Amino acid sequence: MDVIVIGGGIAGVATAYQLRAAGHRVCVVERHATVAQGATYGHSGTVLPTPLDVWFGPTFMASRQNAKNGIVNKAGFNGPARQLVKQLAELQEPNAFGHQYGLLRPLIELSRDTLADMEARFGLEFEQASGVLYLVRTEQEWQQLRPALGLLRLFEVPHHELTPEQCAAFEHSVRTEPAFAGGVLFDQERTANCPLFTKLIKQTLDTQGDVQFMLGCEVASIRLEGQRAAVELAPRPGAASRSREVDVIHADAVVVAAGHGSLALLERLGLRLPLHPLRLHTLVAPIAHEECAPHVAIVDAVKRIAISRMNHRLRIAGGAVLQSAGQIDKPLGEAVTKEALALLGQATHDWIPGAARISAALPWEGAKLLSPDGLPVIGNALHPRLFVNIGHGPAGWGLACGSGKLVADLISGSAPELPADTLAALRADRFR
């Protein structure tokens with residue numbers, strides 16, 4: 001089959017890879033000049049989510065005070081944003097949290113296997129590093145994590161609960177003063193460079209054939225025509241007028257994997273998804289003092305700020321801002337951006353003082369989609385030739401690899417490697 005994938009981020013490129021592996025011809029349409037330039041560019045290094053950092057559950061918005069939960073509420077926090085927080089708050093109850101994570105868990109394991117296969121098949125090196133240490137400030141926050149710790153034991157996820165002294169003994173950059181409650185070590189989980197991985201997969205596809213990348217092209221609309229589908233491209237700025245037919249690409253199926261840009265395309269088809277954009281921030285800072293730099297990734301478990309080492313720099317990601325969806329294409333404003341970036345700098349100073357030169361850090365800001373039940377939207381939608389792969393949130397970029405495999409299986413007519421309840425929980429029509 002001929003398949004068009006809209007979006008050249010990690011989700012789109014991973015989907016293209018799996019479609020090509022399944023024997024399809026693929027065209028990836030990306031509005032930027034190269035891949036991995038949108039939300040993918042600012043991903044934290046965390047590869048796969050654990051119960052401690054999925055964006056739902058007991059610690060999500062546990063406190064409405066910005067300094068405590070790491071989430072900034074921008075002025076103009078409107079009805080849909082409040083509704084999102086209300087729905088996610090329902091998953092703070094331990095049984096609801098456990099049920100929802102149980103639905104996500106098979107996708108995490110499929111993603112782990114799929115990523116490992118891609119990595120081994122081509123000998124890819126994308127700054128992989130083992131070990132993620134989640135740190136908890138107070139005893140109250142530690143109690144909020146109890147349901148997540150219970151899920152780790154239930155699903156037999158390898159981990160170690162550490163005292164502050166054990167945290168400092170394992171990771172020399174962590175100080176025991178001021179006092180904190182403890183930590184959870186995942187010595188088998190990894191961090192890696194998501195933009196680099198995405199570009200390496202594109203290079204692999206370039207050499208294999210059957211995958212075309214149309215870069216610097218923006219999709220204006222999607223057409224669904226019986227047993228065929230097509231996308232209409234927007235005219236390039238300054239380009240000479242061309243016939244309408246030249247700007248239309250026909251295919252047997254279309255996969256929408258364009259991040260928050262997917263929502264407008266789907267709404268024009270009559271598909272409204274209650275996904276909400278979450279503005280996130282990243283600082284890439286040079287290491288200030290080698291003796292202070294961590295050798296494993298550090299995650300502030302409640303503020304959801306991840307600090308991962310990549311060669312001679314630290315990637316600090318978090319600083320989430322909830323705002324009206326209609327404001328997502330407008331600048332945040334200097335005060336809000338400053339507040340969000342300050343959260344990143346403060347967390348770095350709190351946990352690994354002296355490690356990063358924050359004054360020389362390069363900032364990034366972008367948007368990722370968050371669903372009201374915390375799960376991505378993957379699968380067929382609205383029409384037999386239309387598929388979606390969006391809403392993965394900020395909790396682990398490796399999920400995109402398993403999502404791409406699922407979409408490829410569905411398009412190929414193969415039995416997906418996921419249980420029926422997980423498949424149903426990921427479908428777009430679950431929101432009806």
# chains A, B, ... in the order shown; residues from 1 in each chain; ligands from 1
$ closest_atom_pairs --of "range 32-123 of chain A" --to "range 285-302 of chain A" --cutoff "8 Å" --atoms "only C-alpha atoms" --output "CSV"
residue,atom,partner,partner_atom,distance
A:Leu52,CA,A:Ala301,CA,6.6
A:Asp53,CA,A:Ala301,CA,6.7
A:Thr59,CA,A:Val302,CA,6.1
A:Phe60,CA,A:Val302,CA,7.7
A:Lys68,CA,A:Val302,CA,7.7
A:Asn69,CA,A:Val302,CA,6.0
A:Gly70,CA,A:Val302,CA,7.4
$ write_last_selection --atoms "N, CA and C atoms" --output "tab-separated table (two decimals), in the first residue's frame"
chain	number	residue	atom	x	y	z
A	52	LEU	N	5.93	6.29	38.10
A	52	LEU	CA	6.31	7.49	38.83
A	52	LEU	C	6.22	8.75	37.98
A	53	ASP	N	6.22	8.63	36.66
A	53	ASP	CA	6.24	9.86	35.86
A	53	ASP	C	5.23	9.90	34.72
A	59	THR	N	0.21	12.00	41.97
A	59	THR	CA	1.04	13.19	42.11
A	59	THR	C	0.73	14.27	41.07
A	60	PHE	N	-0.12	13.97	40.10
A	60	PHE	CA	-0.41	14.99	39.08
A	60	PHE	C	-1.31	16.06	39.67
A	68	LYS	N	5.22	23.73	44.13
A	68	LYS	CA	5.21	22.36	44.62
A	68	LYS	C	4.97	21.33	43.53
A	69	ASN	N	4.20	21.66	42.50
A	69	ASN	CA	3.91	20.62	41.50
A	69	ASN	C	4.63	20.82	40.18
A	70	GLY	N	5.38	21.89	40.03
A	70	GLY	CA	6.16	22.08	38.81
A	70	GLY	C	5.35	22.44	37.60
$ select_by_dssp --residues "range 244-388 of chain A" --states "strand (DSSP E or B)" --output "VMD selection string"
chain A and resid 248 to 251 253 to 256 276 to 287 297 to 300 305 to 310 313 to 322 356 362 to 370 377 to 381 383 to 388
$ write_last_selection --atoms "C-alpha atoms" --output "tab-separated table (two decimals), in the first residue's frame"
chain	number	residue	atom	x	y	z
A	248	VAL	CA	-2.41	16.85	-3.86
A	249	ILE	CA	-0.81	13.53	-2.90
A	250	HIS	CA	-2.94	10.39	-3.20
A	251	ALA	CA	-2.49	7.21	-1.17
A	253	ALA	CA	-4.09	5.45	3.80
A	254	VAL	CA	-3.11	8.52	5.81
A	255	VAL	CA	-1.54	8.52	9.28
A	256	VAL	CA	-1.81	11.75	11.27
A	276	HIS	CA	-4.97	19.53	25.36
A	277	PRO	CA	-1.62	21.08	24.46
A	278	LEU	CA	0.86	21.24	27.31
A	279	ARG	CA	3.65	23.76	26.84
A	280	LEU	CA	6.99	22.34	27.99
A	281	HIS	CA	10.49	23.74	28.39
A	282	THR	CA	14.02	22.43	28.10
A	283	LEU	CA	17.41	23.84	29.04
A	284	VAL	CA	20.56	22.36	27.51
A	285	ALA	CA	23.38	23.48	29.77
A	286	PRO	CA	27.12	22.83	29.64
A	287	ILE	CA	28.54	20.97	32.62
A	297	ALA	CA	19.62	10.68	35.08
A	298	ILE	CA	17.99	12.57	37.94
A	299	VAL	CA	14.21	13.10	38.02
A	300	ASP	CA	12.31	15.29	40.45
A	305	ILE	CA	11.70	17.67	35.93
A	306	ALA	CA	14.22	15.32	34.31
A	307	ILE	CA	17.96	15.99	34.22
A	308	SER	CA	19.89	13.71	31.90
A	309	ARG	CA	23.53	13.83	30.89
A	310	MET	CA	24.41	13.79	27.21
A	313	ARG	CA	26.02	18.81	28.62
A	314	LEU	CA	22.91	18.36	30.73
A	315	ARG	CA	19.38	18.30	29.30
A	316	ILE	CA	16.89	19.65	31.86
A	317	ALA	CA	13.26	19.18	30.82
A	318	GLY	CA	9.95	20.09	32.43
A	319	GLY	CA	8.47	23.44	33.38
A	320	ALA	CA	4.99	22.59	32.09
A	321	VAL	CA	2.52	25.38	31.39
A	322	LEU	CA	-1.21	24.75	31.14
A	356	ALA	CA	25.26	22.91	35.30
A	362	LEU	CA	20.10	27.13	25.60
A	363	PRO	CA	16.32	27.27	26.17
A	364	TRP	CA	13.63	25.51	24.15
A	365	GLU	CA	9.86	25.73	24.30
A	366	GLY	CA	7.29	23.52	22.59
A	367	ALA	CA	3.91	21.85	22.96
A	368	LYS	CA	2.91	18.24	23.50
A	369	LEU	CA	-0.60	16.81	23.61
A	370	LEU	CA	-2.06	15.42	26.81
A	377	VAL	CA	-4.64	8.13	20.74
A	378	ILE	CA	-3.57	5.39	18.33
A	379	GLY	CA	-5.43	3.54	15.62
A	380	ASN	CA	-8.11	3.87	12.98
A	381	ALA	CA	-10.45	6.86	13.22
A	383	HIS	CA	-12.77	6.48	8.07
A	384	PRO	CA	-11.22	3.12	7.06
A	385	ARG	CA	-8.27	4.96	5.44
A	386	LEU	CA	-7.51	7.36	8.29
A	387	PHE	CA	-5.23	6.54	11.23
A	388	VAL	CA	-3.92	8.62	14.11
$ residues_around --residues "Ala14 in chain A" --least-positions-apart "2" --cutoff "8 Å" --atoms "only C-alpha atoms" --output "list in words"
Ile10, Ala11, Gly12, Ala16, Tyr17, Gln18, Thr198, Ile201, Ala400, Cys401, Gly404 and Lys405 of chain A
$ atom_distance --atom1 "CA of Glu119 in chain A" --atom2 "CA of Leu406 in chain A"
18.1 Å
$ closest_atom_pairs --of "range 68-130 of chain A" --to "range 140-161 of chain A" --cutoff "8 Å" --atoms "only C-alpha atoms" --output "CSV"
residue,atom,partner,partner_atom,distance
A:Pro94,CA,A:Pro147,CA,5.7
A:Phe97,CA,A:Pro147,CA,8.0
A:Gly98,CA,A:Leu151,CA,6.7
$ write_last_selection --atoms "C-alpha atoms" --output "compact mmCIF listing (two decimals), in the first residue's frame"
# COMPACT_ATOMS: atom_id res chain seq x y z
CA PRO A 94 -5.19 4.50 43.60
CA PHE A 97 -4.60 5.01 38.65
CA GLY A 98 -3.67 1.33 38.73
$ atom_distance --atom1 "CA of Ser324 in chain A" --atom2 "CA of Leu426 in chain A"
24.3 Å
$ closest_residue --among "A:Ala408, A:Ala181, A:Ile390, A:Leu224" --to "Ala39 in chain A" --atoms "only C-alpha atoms"
A:Ile390
$ atom_distance --atom1 "CA of Gly391 in chain A" --atom2 "CA of Arg82 in chain A"
18.1 Å
$ closest_residue --among "A:Ala258, A:Val28, A:Leu19, A:Ile4" --to "Ser414 in chain A" --atoms "only C-alpha atoms"
A:Leu19
$ select_by_dssp --residues "range 167-279 of chain A" --states "helix (DSSP H, G or I)" --output "PyMOL selection string"
chain A and resi 167-170+194-208+244-247+259-268
$ closest_residue --among "A:Gly354, A:Gly209, A:Gly396, A:Gly374" --to "Gly45 in chain A" --atoms "only C-alpha atoms"
A:Gly396
$ residues_around --residues "Gln203 in chain A" --least-positions-apart "3" --cutoff "12 Å" --atoms "only C-alpha atoms" --output "count of residues only"
18
$ closest_residue --among "A:Leu104, A:Val336, A:Ile352, A:Leu162" --to "Thr422 in chain A" --atoms "only C-alpha atoms"
A:Leu104
$ residues_around --residues "Thr176 in chain A" --least-positions-apart "6" --cutoff "10 Å" --atoms "only C-alpha atoms" --output "list of chain:residue names"
A:Thr163, A:Pro164, A:Glu165, A:Gln166, A:Cys167, A:Ala168, A:Ala169, A:Gly182, A:Trp351
$ closest_residue --among "A:Trp397, A:Trp55, A:Phe180, A:Phe126" --to "Gly42 in chain A" --atoms "only C-alpha atoms"
A:Trp397
$ residues_around --residues "Glu127 in chain A" --least-positions-apart "2" --cutoff "6 Å" --atoms "only C-alpha atoms" --output "ChimeraX atom specification"
/A:125,192-193
$ write_last_selection --atoms "C-alpha atoms" --output "PDB file, in the first residue's frame"
ATOM      1  CA  GLU A 125      24.273   4.943  18.952  1.00  0.00           C
ATOM      2  CA  ALA A 192      18.857   8.744  25.292  1.00  0.00           C
ATOM      3  CA  ASN A 193      18.842  11.529  22.707  1.00  0.00           C
TER       4      ASN A 193
END
